[in-house]
file protein_8.cif (mmCIF, C-alpha atoms)
data_query
loop_
_atom_site.label_atom_id
_atom_site.label_comp_id
_atom_site.auth_asym_id
_atom_site.auth_seq_id
_atom_site.Cartn_x
_atom_site.Cartn_y
_atom_site.Cartn_z
CA MET W 1 32.34 -18.29 19.87
CA PHE W 2 30.89 -21.11 17.75
CA TYR W 3 30.88 -18.97 14.58
CA LEU W 4 34.48 -17.84 15.14
CA ALA W 5 35.61 -21.48 15.49
CA GLY W 6 33.62 -22.40 12.38
CA SER W 7 35.22 -19.62 10.34
CA ILE W 8 38.73 -20.59 11.47
CA VAL W 9 38.35 -24.33 10.86
CA LEU W 10 36.48 -24.09 7.54
CA THR W 11 38.77 -21.40 6.08
CA SER W 12 41.83 -23.40 7.11
CA TYR W 13 40.27 -26.48 5.53
CA LEU W 14 40.13 -24.70 2.16
CA THR W 15 43.90 -24.10 2.09
CA LEU W 16 44.61 -27.63 3.31
CA ALA W 17 42.30 -29.02 0.60
CA PHE W 18 44.51 -27.53 -2.11
CA LYS W 19 47.39 -29.56 -0.73
CA LEU W 20 45.28 -32.70 -1.14
CA CYS W 21 44.42 -31.67 -4.70
CA GLU W 22 48.11 -31.86 -5.56
CA ARG W 23 48.35 -35.35 -4.05
CA TYR W 24 45.38 -36.67 -6.07
CA LYS W 25 46.37 -34.77 -9.24
CA VAL W 26 43.28 -32.57 -9.21
CA GLN W 27 43.75 -29.45 -11.35
CA ILE W 28 43.33 -26.37 -9.19
CA PHE W 29 41.49 -24.18 -11.68
CA GLN W 30 38.91 -26.82 -12.56
CA ALA W 31 38.24 -27.51 -8.87
CA ILE W 32 37.89 -23.77 -8.21
CA VAL W 33 35.33 -23.30 -11.01
CA PHE W 34 33.18 -26.20 -9.78
CA ASN W 35 33.66 -24.87 -6.25
CA TYR W 36 31.96 -21.57 -7.14
CA ILE W 37 29.12 -23.34 -8.93
CA THR W 38 28.65 -25.33 -5.71
CA CYS W 39 28.72 -22.09 -3.67
CA VAL W 40 25.88 -20.63 -5.76
CA ILE W 41 23.77 -23.79 -5.34
CA THR W 42 24.52 -24.04 -1.60
CA GLY W 43 23.77 -20.37 -1.02
CA SER W 44 20.49 -20.58 -2.91
CA VAL W 45 19.42 -23.60 -0.84
CA VAL W 46 20.28 -21.80 2.41
CA ASN W 47 18.56 -18.63 1.16
CA GLY W 48 15.47 -20.58 0.14
CA SER W 49 15.60 -19.29 -3.44
CA PHE W 50 17.97 -17.99 -6.11
CA PRO W 51 18.22 -14.26 -5.22
CA VAL W 52 19.82 -12.90 -8.43
CA ASN W 53 17.26 -11.39 -10.81
CA THR W 54 16.78 -8.33 -13.05
CA VAL W 55 16.04 -6.13 -10.02
CA VAL W 56 19.29 -7.16 -8.36
CA MET W 57 21.24 -6.64 -11.61
CA ALA W 58 19.97 -3.05 -11.73
CA THR W 59 21.32 -2.20 -8.27
CA PRO W 60 24.44 0.01 -8.01
CA TRP W 61 26.38 -2.69 -6.16
CA PHE W 62 25.95 -5.43 -8.78
CA ARG W 63 28.83 -4.13 -10.92
CA TRP W 64 31.02 -4.42 -7.85
CA SER W 65 29.95 -8.05 -7.43
CA ILE W 66 31.21 -8.71 -10.98
CA LEU W 67 34.61 -7.34 -10.03
CA MET W 68 34.51 -9.32 -6.80
CA GLY W 69 33.76 -12.48 -8.78
CA GLY W 70 36.80 -11.96 -10.98
CA LEU W 71 38.98 -11.42 -7.93
CA PHE W 72 37.50 -14.52 -6.28
CA VAL W 73 38.63 -16.75 -9.15
CA SER W 74 42.07 -15.14 -9.49
CA ILE W 75 42.96 -15.03 -5.80
CA PHE W 76 41.61 -18.49 -5.01
CA THR W 77 43.81 -19.86 -7.81
CA VAL W 78 46.86 -18.08 -6.40
CA ILE W 79 46.07 -19.44 -2.90
CA GLY W 80 46.03 -22.97 -4.31
CA LEU W 81 49.29 -22.53 -6.22
CA THR W 82 50.99 -20.93 -3.20
CA ALA W 83 49.90 -23.77 -0.91
CA GLN W 84 51.22 -26.35 -3.37
CA LYS W 85 54.45 -24.68 -4.48
CA PHE W 86 55.42 -23.32 -1.06
CA SER W 87 53.38 -24.44 1.95
CA VAL W 88 50.02 -24.03 3.64
CA ALA W 89 51.67 -21.74 6.19
CA VAL W 90 52.99 -19.39 3.50
CA ALA W 91 49.59 -19.26 1.79
CA SER W 92 47.77 -18.57 5.06
CA VAL W 93 50.14 -15.85 6.24
CA ALA W 94 50.34 -14.06 2.88
CA ASN W 95 46.54 -14.25 2.56
CA LYS W 96 45.55 -13.21 6.09
CA LEU W 97 48.22 -10.57 6.74
CA SER W 98 46.85 -8.73 3.72
CA LEU W 99 44.49 -7.09 6.24
CA ILE W 100 47.08 -4.30 6.54
CA ILE W 101 46.08 -3.10 3.06
CA PRO W 102 42.44 -2.31 3.98
CA VAL W 103 43.76 -0.80 7.23
CA LEU W 104 46.02 1.57 5.31
CA LEU W 105 43.30 2.35 2.75
CA SER W 106 40.92 3.12 5.63
CA VAL W 107 43.32 5.84 6.72
CA TYR W 108 43.15 7.38 3.25
CA LEU W 109 39.47 6.80 2.42
CA TYR W 110 37.75 7.03 5.80
CA GLN W 111 40.23 9.15 7.77
CA GLU W 112 40.78 6.40 10.35
CA SER W 113 43.95 6.64 12.43
CA VAL W 114 46.84 4.18 12.58
CA ALA W 115 49.39 5.14 15.20
CA GLY W 116 51.28 3.78 18.20
CA TRP W 117 51.25 0.01 18.65
CA LYS W 118 48.82 -0.37 15.76
CA LEU W 119 51.40 1.19 13.42
CA VAL W 120 54.05 -1.11 14.87
CA GLY W 121 51.76 -4.04 14.03
CA VAL W 122 51.52 -2.93 10.39
CA VAL W 123 55.32 -2.76 10.08
CA LEU W 124 55.79 -6.14 11.80
CA ALA W 125 53.21 -7.66 9.44
CA LEU W 126 55.38 -6.80 6.45
CA VAL W 127 58.41 -8.34 8.13
CA ALA W 128 56.37 -11.45 9.01
CA VAL W 129 55.39 -11.99 5.36
CA VAL W 130 59.05 -11.85 4.28
CA LEU W 131 60.20 -14.30 6.99
CA THR W 132 57.35 -16.76 6.46
CA CYS W 133 57.80 -16.79 2.68
CA TYR W 134 61.61 -17.06 2.84
CA PRO W 135 62.51 -20.34 1.10
CA ASN W 136 63.93 -23.11 3.27
CA ARG W 137 66.68 -25.48 2.12
CA GLN W 138 64.23 -27.94 0.60
CA MET W 139 62.61 -25.21 -1.51
CA LYS W 140 65.99 -23.97 -2.68
CA LYS W 141 66.97 -27.47 -3.80
CA THR W 142 63.73 -28.29 -5.60
CA ASN W 143 63.16 -24.93 -7.31
CA THR W 144 65.12 -24.32 -10.49
CA VAL W 145 66.25 -20.95 -11.81
CA THR W 146 63.16 -20.63 -14.02
CA SER W 147 60.79 -21.56 -11.19
CA ARG W 148 62.18 -18.82 -8.96
CA TRP W 149 59.54 -16.64 -10.53
CA LEU W 150 57.17 -18.64 -8.30
CA TYR W 151 58.37 -16.53 -5.37
CA ILE W 152 56.17 -13.74 -6.68
CA LEU W 153 53.06 -15.83 -5.85
CA PRO W 154 52.94 -14.89 -2.12
CA VAL W 155 53.39 -11.22 -3.06
CA VAL W 156 50.53 -11.37 -5.58
CA LEU W 157 48.40 -13.19 -2.99
CA PHE W 158 49.22 -10.59 -0.32
CA ILE W 159 48.30 -7.64 -2.56
CA GLY W 160 45.31 -9.29 -4.24
CA SER W 161 43.71 -10.45 -0.98
CA GLY W 162 44.18 -7.01 0.52
CA LEU W 163 42.50 -5.32 -2.45
CA LEU W 164 39.62 -7.83 -2.34
CA ASP W 165 39.09 -7.22 1.39
CA SER W 166 39.19 -3.46 0.73
CA LEU W 167 36.62 -3.80 -2.08
CA ILE W 168 34.24 -5.84 0.07
CA ASN W 169 34.63 -3.43 2.99
CA HIS W 170 34.05 -0.38 0.75
CA VAL W 171 30.93 -1.82 -0.91
CA GLN W 172 29.48 -2.92 2.43
CA LYS W 173 29.93 0.58 3.81
CA LEU W 174 28.15 2.16 0.84
CA TYR W 175 25.55 -0.31 -0.41
CA VAL W 176 25.16 -3.58 1.48
CA THR W 177 22.50 -4.01 4.18
CA ASN W 178 21.25 -6.97 6.22
CA GLU W 179 18.47 -7.38 3.66
CA ASN W 180 20.61 -7.59 0.53
CA HIS W 181 23.81 -9.08 1.97
CA ASN W 182 23.05 -12.65 0.89
CA ALA W 183 22.06 -11.48 -2.60
CA TYR W 184 25.35 -9.58 -2.87
CA LEU W 185 27.34 -12.60 -1.68
CA ILE W 186 25.66 -15.05 -4.07
CA SER W 187 26.00 -12.52 -6.90
CA GLY W 188 29.75 -12.50 -6.33
CA PHE W 189 29.86 -16.30 -6.34
CA LEU W 190 27.70 -16.37 -9.49
CA CYS W 191 30.00 -13.95 -11.33
CA ALA W 192 33.01 -16.01 -10.25
CA ALA W 193 31.29 -19.17 -11.52
CA LEU W 194 30.38 -17.57 -14.87
CA ILE W 195 33.84 -16.07 -15.44
CA GLY W 196 35.58 -19.30 -14.47
CA SER W 197 33.19 -21.49 -16.49
CA THR W 198 33.71 -19.38 -19.61
CA ILE W 199 37.50 -19.73 -19.35
CA LEU W 200 37.28 -23.44 -18.52
CA PHE W 201 34.84 -24.19 -21.37
CA THR W 202 37.20 -22.44 -23.80
CA GLN W 203 40.06 -24.57 -22.51
CA TYR W 204 37.96 -27.71 -23.03
CA LEU W 205 37.21 -26.70 -26.62
CA THR W 206 40.86 -25.99 -27.42
CA GLY W 207 42.02 -29.21 -25.76
CA ARG W 208 44.14 -27.43 -23.16
CA LYS W 209 42.25 -29.18 -20.36
CA GLN W 210 40.41 -32.48 -20.13
CA PHE W 211 37.22 -32.98 -18.13
CA ALA W 212 37.31 -35.51 -15.30
CA TRP W 213 34.73 -36.18 -12.59
CA LYS W 214 37.37 -35.97 -9.87
CA HIS W 215 37.61 -32.22 -10.53
CA VAL W 216 33.85 -31.86 -10.03
CA PHE W 217 33.98 -33.94 -6.85
CA ALA W 218 36.87 -31.84 -5.50
CA GLY W 219 34.96 -28.65 -6.35
CA ILE W 220 31.97 -29.86 -4.33
CA LEU W 221 34.15 -30.80 -1.36
CA ILE W 222 35.71 -27.33 -1.46
CA GLY W 223 32.58 -25.34 -2.39
CA ILE W 224 30.26 -26.30 0.47
CA PRO W 225 32.82 -25.47 3.21
CA ASN W 226 33.78 -22.34 1.25
CA TYR W 227 30.23 -20.99 1.42
CA PHE W 228 29.79 -21.82 5.10
CA SER W 229 33.18 -20.35 6.00
CA ILE W 230 31.85 -16.97 4.87
CA TRP W 231 28.45 -17.74 6.43
CA CYS W 232 30.17 -18.30 9.79
CA LEU W 233 32.34 -15.20 9.35
CA VAL W 234 29.32 -12.95 8.73
CA ARG W 235 27.54 -14.23 11.83
CA TYR W 236 30.68 -14.01 13.93
CA LEU W 237 31.14 -10.36 12.95
CA LYS W 238 27.53 -9.64 13.90
CA GLU W 239 27.84 -11.26 17.35
CA SER W 240 31.49 -10.45 18.11
CA PRO W 241 32.11 -8.54 21.36
CA TRP W 242 34.85 -6.54 19.61
CA GLN W 243 34.77 -3.91 16.88
CA SER W 244 35.33 -5.13 13.31
CA SER W 245 38.88 -3.68 13.33
CA ALA W 246 39.65 -6.19 16.11
CA SER W 247 37.29 -9.03 15.15
CA ILE W 248 38.78 -9.57 11.68
CA PRO W 249 42.41 -9.74 12.91
CA VAL W 250 41.41 -12.18 15.69
CA ASN W 251 39.79 -14.40 13.05
CA ASN W 252 42.84 -14.15 10.79
CA MET W 253 45.18 -14.89 13.70
CA GLY W 254 43.28 -18.10 14.42
CA ILE W 255 43.39 -19.15 10.77
CA VAL W 256 47.15 -18.58 10.46
CA LEU W 257 47.89 -20.57 13.61
CA PHE W 258 45.40 -23.41 13.02
CA SER W 259 46.28 -23.98 9.36
CA SER W 260 50.04 -23.85 10.00
CA VAL W 261 49.87 -26.40 12.83
CA ALA W 262 47.43 -28.61 10.90
CA ALA W 263 49.70 -28.65 7.84
CA TRP W 264 52.69 -29.46 10.04
CA LEU W 265 50.82 -32.40 11.60
CA LEU W 266 48.99 -33.71 8.51
CA PHE W 267 51.49 -33.09 5.72
CA ARG W 268 54.75 -32.87 7.68
CA GLU W 269 55.51 -29.54 6.06
CA LYS W 270 59.08 -28.56 6.85
CA LEU W 271 59.41 -24.98 8.00
CA SER W 272 62.69 -23.31 8.81
CA VAL W 273 63.39 -21.37 11.99
CA LEU W 274 62.87 -18.15 10.01
CA ASN W 275 59.50 -19.44 8.76
CA TRP W 276 58.34 -20.21 12.31
CA MET W 277 59.61 -16.81 13.46
CA GLY W 278 57.50 -15.26 10.70
CA ILE W 279 54.39 -17.17 11.81
CA LEU W 280 54.85 -16.09 15.45
CA LEU W 281 55.56 -12.53 14.34
CA SER W 282 52.39 -12.58 12.22
CA LEU W 283 50.33 -13.48 15.30
CA LEU W 284 51.92 -10.62 17.24
CA SER W 285 51.36 -8.15 14.39
CA ILE W 286 47.69 -9.13 14.01
CA TYR W 287 47.21 -8.73 17.77
CA LEU W 288 48.77 -5.26 17.69
CA ILE W 289 46.65 -4.22 14.69
CA ALA W 290 43.52 -5.45 16.49
CA PHE W 291 44.16 -4.15 20.00
CA GLY W 292 47.04 -1.69 19.61
CA ASN W 293 44.86 1.32 20.41
CA GLN W 294 43.93 -0.24 23.77
CA LEU W 295 47.52 -0.82 24.95
#
call {"tool": "encode", "arguments": {"input": "protein_8.cif", "output": "structure tokens"}}
result
Amino acid sequence: MFYLAGSIVLTSYLTLAFKLCERYKVQIFQAIVFNYITCVITGSVVNGSFPVNTVVMATPWFRWSILMGGLFVSIFTVIGLTAQKFSVAVASVANKLSLIIPVLLSVYLYQESVAGWKLVGVVLALVAVVLTCYPNRQMKKTNTVTSRWLYILPVVLFIGSGLLDSLINHVQKLYVTNENHNAYLISGFLCAALIGSTILFTQYLTGRKQFAWKHVFAGILIGIPNYFSIWCLVRYLKESPWQSSASIPVNNMGIVLFSSVAAWLLFREKLSVLNWMGILLSLLSIYLIAFGNQL
């Protein structure tokens, strides 16, 4: 399970990296924009060429890659803010438990069934998000009345990640093949880079942000692992002994556990008893969603 381990470690690294950005005063949005530029370059090197051309732009899935690019920038920014304002554990759980949204949409769009223990897992996942995101005493002391609006970040992350996963799953079912998968992936990264660069360049011109090489350096350190985290995930899903409905939750379960423990060890993140209960409940819910039909 080399690819599964690679996906878990590299994806967890991305969330942990945002915590380091706060320590070294690296602006999240700038790092994210340079991250996606790095993803495009890395993907093109791995692919052997830049796969986006006029033929690709004429395909029916390219417009979906534009939407995916916009969601990439937005959600990655929310992940960074959630990791900094709350904790790595909160960001990981809210992000990875969003798998219940594509599960529920699959019932509606593809007539898949969710019943028994699998349904119990969906309900427990919602409870797990609430418990994990519940502010501990330190958060309550440091957050002012105006900053309480920050508590909406995990909710936005939960919904946004779920919609992004649903979009990717839907497009892959309709359009994406083994031959055009890399082109679709790099197209999404390219659109994210273009959208983010346009916003960032405007902010430079208006003086709202100042360029600094540390933001570029941080983007490179995030971008290369970001590309290979998805590279490992794709290969893991191809070689996994389980169906995708089980493989994805297993991957997410590993990310939630690894990133939470790593943040606890590296950054001494203080989690309340309720937060730890939420993390453990999230692992149980993901297991039930993955293997509930077999129990």
call {"tool": "closest_residue", "arguments": {"input": "protein_8.cif", "among": "W:Leu97, W:Leu265, W:Ile289, W:Leu185", "to": "W:Phe62", "atoms": "only C-alpha atoms"}}
result
W:Leu185
call {"tool": "closest_residue", "arguments": {"input": "protein_8.cif", "among": "W:Gly207, W:Gly292, W:Pro51, W:Gly162", "to": "W:Leu105", "atoms": "only C-alpha atoms"}}
result
W:Gly162
call {"tool": "resolve_selection", "arguments": {"input": "protein_8.cif", "expression": "the PyMOL selection byres ((chain W and resi 229) around 10)", "output": "PyMOL selection string"}}
result
chain W and resi 3-14+223-228+230-234
call {"tool": "atom_distance", "arguments": {"input": "protein_8.cif", "atom1": "atom CA of W:Phe258", "atom2": "atom CA of W:Val88"}}
result
10.5 Å
call {"tool": "residues_around", "arguments": {"input": "protein_8.cif", "residues": "W:Tyr184", "least_positions_apart": "6", "cutoff": "8 Å", "atoms": "only C-alpha atoms", "output": "ChimeraX atom specification"}}
result
/W:61-62,65,176
call {"tool": "residues_around", "arguments": {"input": "protein_8.cif", "residues": "stretch 30-38 of chain W", "least_positions_apart": "4", "cutoff": "10 Å", "atoms": "all atoms listed in the file", "output": "VMD selection string"}}
result
chain W and resid 18 21 26 42 to 44 69 72 to 74 76 to 77 80 186 188 to 200 209 to 212 214 to 227
call {"tool": "atom_distance", "arguments": {"input": "protein_8.cif", "atom1": "atom CA of W:Val93", "atom2": "atom CA of W:Lys173"}}
result
26.2 Å
call {"tool": "axis_aligned_box", "arguments": {"input": "protein_8.cif", "around": "stretch 39-46 of chain W", "padding_each_side": "8 Å", "output": "AutoDock Vina command-line options"}}
result
--center_x 24.1 --center_y -22.2 --center_z -1.7 --size_x 25.3 --size_y 19.7 --size_z 24.2
call {"tool": "residues_around", "arguments": {"input": "protein_8.cif", "residues": "W:Ala263", "least_positions_apart": "4", "cutoff": "10 Å", "atoms": "all atoms listed in the file", "output": "JSON, numbers by chain"}}
result
{"W": [12, 13, 15, 16, 19, 87, 88, 89, 258, 259, 267, 268, 269, 270]}
call {"tool": "write_last_selection", "arguments": {"input": "protein_8.cif", "atoms": "C-alpha atoms", "output": "JSON list (two decimals), in the coordinates of the input"}}
result
[["chain", "number", "residue", "atom", "x", "y", "z"],
["W", 12, "SER", "CA", 41.83, -23.40, 7.11],
["W", 13, "TYR", "CA", 40.27, -26.48, 5.53],
["W", 15, "THR", "CA", 43.90, -24.10, 2.09],
["W", 16, "LEU", "CA", 44.61, -27.63, 3.31],
["W", 19, "LYS", "CA", 47.39, -29.56, -0.73],
["W", 87, "SER", "CA", 53.38, -24.44, 1.95],
["W", 88, "VAL", "CA", 50.02, -24.03, 3.64],
["W", 89, "ALA", "CA", 51.67, -21.74, 6.19],
["W", 258, "PHE", "CA", 45.40, -23.41, 13.02],
["W", 259, "SER", "CA", 46.28, -23.98, 9.36],
["W", 267, "PHE", "CA", 51.49, -33.09, 5.72],
["W", 268, "ARG", "CA", 54.75, -32.87, 7.68],
["W", 269, "GLU", "CA", 55.51, -29.54, 6.06],
["W", 270, "LYS", "CA", 59.08, -28.56, 6.85]]
call {"tool": "build_atoms", "arguments": {"input": "protein_8.cif", "residues": "stretch 230-263 of chain W", "atoms": "N, CA and C atoms", "output": "mmCIF file, in the coordinates of the input"}}
result
data_model
loop_
_atom_site.group_PDB
_atom_site.id
_atom_site.type_symbol
_atom_site.label_atom_id
_atom_site.label_comp_id
_atom_site.auth_asym_id
_atom_site.auth_seq_id
_atom_site.Cartn_x
_atom_site.Cartn_y
_atom_site.Cartn_z
ATOM 1 N N ILE W 230 32.279 -18.370 4.929
ATOM 2 C CA ILE W 230 31.850 -16.970 4.870
ATOM 3 C C ILE W 230 30.568 -16.777 5.674
ATOM 4 N N TRP W 231 29.683 -17.784 5.634
ATOM 5 C CA TRP W 231 28.450 -17.740 6.430
ATOM 6 C C TRP W 231 28.771 -17.607 7.912
ATOM 7 N N CYS W 232 29.753 -18.380 8.387
ATOM 8 C CA CYS W 232 30.170 -18.300 9.790
ATOM 9 C C CYS W 232 30.832 -16.956 10.092
ATOM 10 N N LEU W 233 31.642 -16.471 9.141
ATOM 11 C CA LEU W 233 32.340 -15.200 9.350
ATOM 12 C C LEU W 233 31.351 -14.050 9.513
ATOM 13 N N VAL W 234 30.317 -14.019 8.661
ATOM 14 C CA VAL W 234 29.320 -12.950 8.730
ATOM 15 C C VAL W 234 28.618 -12.954 10.087
ATOM 16 N N ARG W 235 28.239 -14.138 10.556
ATOM 17 C CA ARG W 235 27.540 -14.230 11.830
ATOM 18 C C ARG W 235 28.454 -13.961 13.016
ATOM 19 N N TYR W 236 29.705 -14.334 12.886
ATOM 20 C CA TYR W 236 30.680 -14.010 13.930
ATOM 21 C C TYR W 236 30.859 -12.507 14.055
ATOM 22 N N LEU W 237 30.965 -11.812 12.913
ATOM 23 C CA LEU W 237 31.140 -10.360 12.950
ATOM 24 C C LEU W 237 29.923 -9.659 13.550
ATOM 25 N N LYS W 238 28.740 -10.235 13.336
ATOM 26 C CA LYS W 238 27.530 -9.640 13.900
ATOM 27 C C LYS W 238 27.470 -9.805 15.419
ATOM 28 N N GLU W 239 27.967 -10.950 15.926
ATOM 29 C CA GLU W 239 27.840 -11.260 17.350
ATOM 30 C C GLU W 239 29.128 -11.022 18.127
ATOM 31 N N SER W 240 30.200 -10.620 17.454
ATOM 32 C CA SER W 240 31.490 -10.450 18.110
ATOM 33 C C SER W 240 31.437 -9.350 19.171
ATOM 34 N N PRO W 241 32.072 -9.572 20.326
ATOM 35 C CA PRO W 241 32.110 -8.540 21.360
ATOM 36 C C PRO W 241 33.072 -7.402 21.044
ATOM 37 N N TRP W 242 33.877 -7.563 19.987
ATOM 38 C CA TRP W 242 34.850 -6.540 19.610
ATOM 39 C C TRP W 242 34.376 -5.769 18.382
ATOM 40 N N GLN W 243 35.018 -4.646 18.114
ATOM 41 C CA GLN W 243 34.770 -3.910 16.880
ATOM 42 C C GLN W 243 35.358 -4.691 15.710
ATOM 43 N N SER W 244 34.888 -4.368 14.495
ATOM 44 C CA SER W 244 35.330 -5.130 13.310
ATOM 45 C C SER W 244 36.833 -5.005 13.102
ATOM 46 N N SER W 245 37.437 -3.864 13.499
ATOM 47 C CA SER W 245 38.880 -3.680 13.330
ATOM 48 C C SER W 245 39.665 -4.646 14.212
ATOM 49 N N ALA W 246 39.015 -5.179 15.247
ATOM 50 C CA ALA W 246 39.650 -6.190 16.110
ATOM 51 C C ALA W 246 39.146 -7.583 15.769
ATOM 52 N N SER W 247 37.875 -7.721 15.404
ATOM 53 C CA SER W 247 37.290 -9.030 15.150
ATOM 54 C C SER W 247 37.949 -9.727 13.958
ATOM 55 N N ILE W 248 38.179 -8.983 12.872
ATOM 56 C CA ILE W 248 38.780 -9.570 11.680
ATOM 57 C C ILE W 248 40.213 -10.040 11.943
ATOM 58 N N PRO W 249 41.077 -9.239 12.594
ATOM 59 C CA PRO W 249 42.410 -9.740 12.910
ATOM 60 C C PRO W 249 42.408 -10.970 13.826
ATOM 61 N N VAL W 250 41.497 -11.014 14.807
ATOM 62 C CA VAL W 250 41.410 -12.180 15.690
ATOM 63 C C VAL W 250 41.079 -13.430 14.865
ATOM 64 N N ASN W 251 40.146 -13.288 13.932
ATOM 65 C CA ASN W 251 39.790 -14.400 13.050
ATOM 66 C C ASN W 251 40.988 -14.824 12.203
ATOM 67 N N ASN W 252 41.677 -13.850 11.635
ATOM 68 C CA ASN W 252 42.840 -14.150 10.790
ATOM 69 C C ASN W 252 43.970 -14.798 11.592
ATOM 70 N N MET W 253 44.152 -14.334 12.841
ATOM 71 C CA MET W 253 45.180 -14.890 13.700
ATOM 72 C C MET W 253 44.914 -16.374 13.959
ATOM 73 N N GLY W 254 43.658 -16.706 14.193
ATOM 74 C CA GLY W 254 43.280 -18.100 14.420
ATOM 75 C C GLY W 254 43.512 -18.958 13.190
ATOM 76 N N ILE W 255 43.212 -18.411 12.020
ATOM 77 C CA ILE W 255 43.390 -19.150 10.770
ATOM 78 C C ILE W 255 44.871 -19.423 10.494
ATOM 79 N N VAL W 256 45.714 -18.412 10.676
ATOM 80 C CA VAL W 256 47.150 -18.580 10.460
ATOM 81 C C VAL W 256 47.707 -19.668 11.368
ATOM 82 N N LEU W 257 47.354 -19.608 12.656
ATOM 83 C CA LEU W 257 47.890 -20.570 13.610
ATOM 84 C C LEU W 257 47.339 -21.975 13.367
ATOM 85 N N PHE W 258 46.023 -22.096 13.185
ATOM 86 C CA PHE W 258 45.400 -23.410 13.020
ATOM 87 C C PHE W 258 45.874 -24.100 11.739
ATOM 88 N N SER W 259 45.891 -23.373 10.630
ATOM 89 C CA SER W 259 46.280 -23.980 9.360
ATOM 90 C C SER W 259 47.754 -24.367 9.341
ATOM 91 N N SER W 260 48.605 -23.545 9.970
ATOM 92 C CA SER W 260 50.040 -23.850 10.000
ATOM 93 C C SER W 260 50.306 -25.119 10.815
ATOM 94 N N VAL W 261 49.680 -25.217 11.990
ATOM 95 C CA VAL W 261 49.870 -26.400 12.830
ATOM 96 C C VAL W 261 49.263 -27.635 12.175
ATOM 97 N N ALA W 262 48.077 -27.479 11.565
ATOM 98 C CA ALA W 262 47.430 -28.610 10.900
ATOM 99 C C ALA W 262 48.272 -29.130 9.746
ATOM 100 N N ALA W 263 48.850 -28.234 8.962
ATOM 101 C CA ALA W 263 49.700 -28.650 7.840
ATOM 102 C C ALA W 263 50.969 -29.337 8.330
#
